[in-house]
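Read the structure below first, then the notes.
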Amino acid sequence: MSSLRLERVRELLKRELGEIIRREIPVGEVGLVTVNEVRISNDLHSATVFVGILGNEEQQKRGIHYINEHRKRLQGMIGKAVILKYTPQLKFILDNSVRQGDKVLQILKELETTSPQPDPSEDEITPEDH
């Protein structure tokens, strides 16, 4: 199957799943759920959905549990929204890449504020140096 078609199906699933999750999953209980990435098999029979959940750890645990509990219902909604020969079997995985990225940015910010700043006048080259 052409990789262009796979890419189009992947993007379509990502967009539709994001809309369905936005409509169907209560933000107050489980935090804000986002679809970060969808990886689909070449035969379109299965898809792994990486979701990010913005909220505290308890909300994240409840969120991924809620999503996995309602996986079949979400898959049925995808089947109605996206017309394909086969509706992919969905597998949801919690993706902490956004949280890890925020942690790295925070560390960089701390390093920037605690490290001594170089004196720009020391970097200037004077004719006497040559």
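A note on labels: chains of the structure tokens are A, B, ... as shown, every chain counts residues from 1, and ligands are counted from 1 in their shown order.
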### Task
From range 43-109 of chain A, collect each residue whose DSSP state is alpha helix (DSSP H) and return the set as a ChimeraX atom specification.
/A:57-69,71-81,97-109
### Task
For Gln60 in chain A, list every protein, DNA or RNA residue within 10 Å, evaluated using only C-alpha atoms, and leave out those in the same chain fewer than 5 positions away; present the list as a PyMOL selection string.
chain A and resi 29-33+52-55+65-66+94+96
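Nearest residue to Thr87 in chain A, choosing from A:Ile40, A:Leu111, A:Ile25, A:Leu4 and counting only C-alpha atoms: A:Ile40.
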### Task
Would you list, as number ranges by chain, the residues of chain A that end up in strand (DSSP E or B) under DSSP run on this structure's backbone?
A: 32-40, 46-54, 89-94
## Note on the structure
Across A:His45, A:Lys61, A:Arg22, A:Lys14, the smallest distance to Tyr86 in chain A, with only C-alpha atoms counted, is shown by A:His45
## Note on the structure
The distance between CA of Gln100 in chain A and CA of Arg8 in chain A is 28.1 Å
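When CA of Glu19 in chain A is paired with CA of Val82 in chain A, their separation reads 12.2 Å.
Counting only C-alpha atoms and comparing A:Ile64, A:Val104, A:Ala47, A:Leu74, the residue that lies closest to Glu11 in chain A is A:Ala47.
Here CA of Asn68 in chain A stands at a distance of 7.9 Å from CA of Lys91 in chain A.
Considering the residues A:Thr48, A:Gln106, A:Asn36, A:Ser41 and counting only C-alpha atoms, Arg15 in chain A has its shortest atom-to-atom contact with A:Asn36.
Closest to Thr34 in chain A among A:Leu105, A:Ile83, A:Ile93, A:Ile78 is A:Ile93, based on only C-alpha atoms.
Considering only C-alpha atoms, the residue among A:Arg71, A:Phe50, A:Arg62, A:Leu44 positioned nearest to Lys85 in chain A is A:Leu44.
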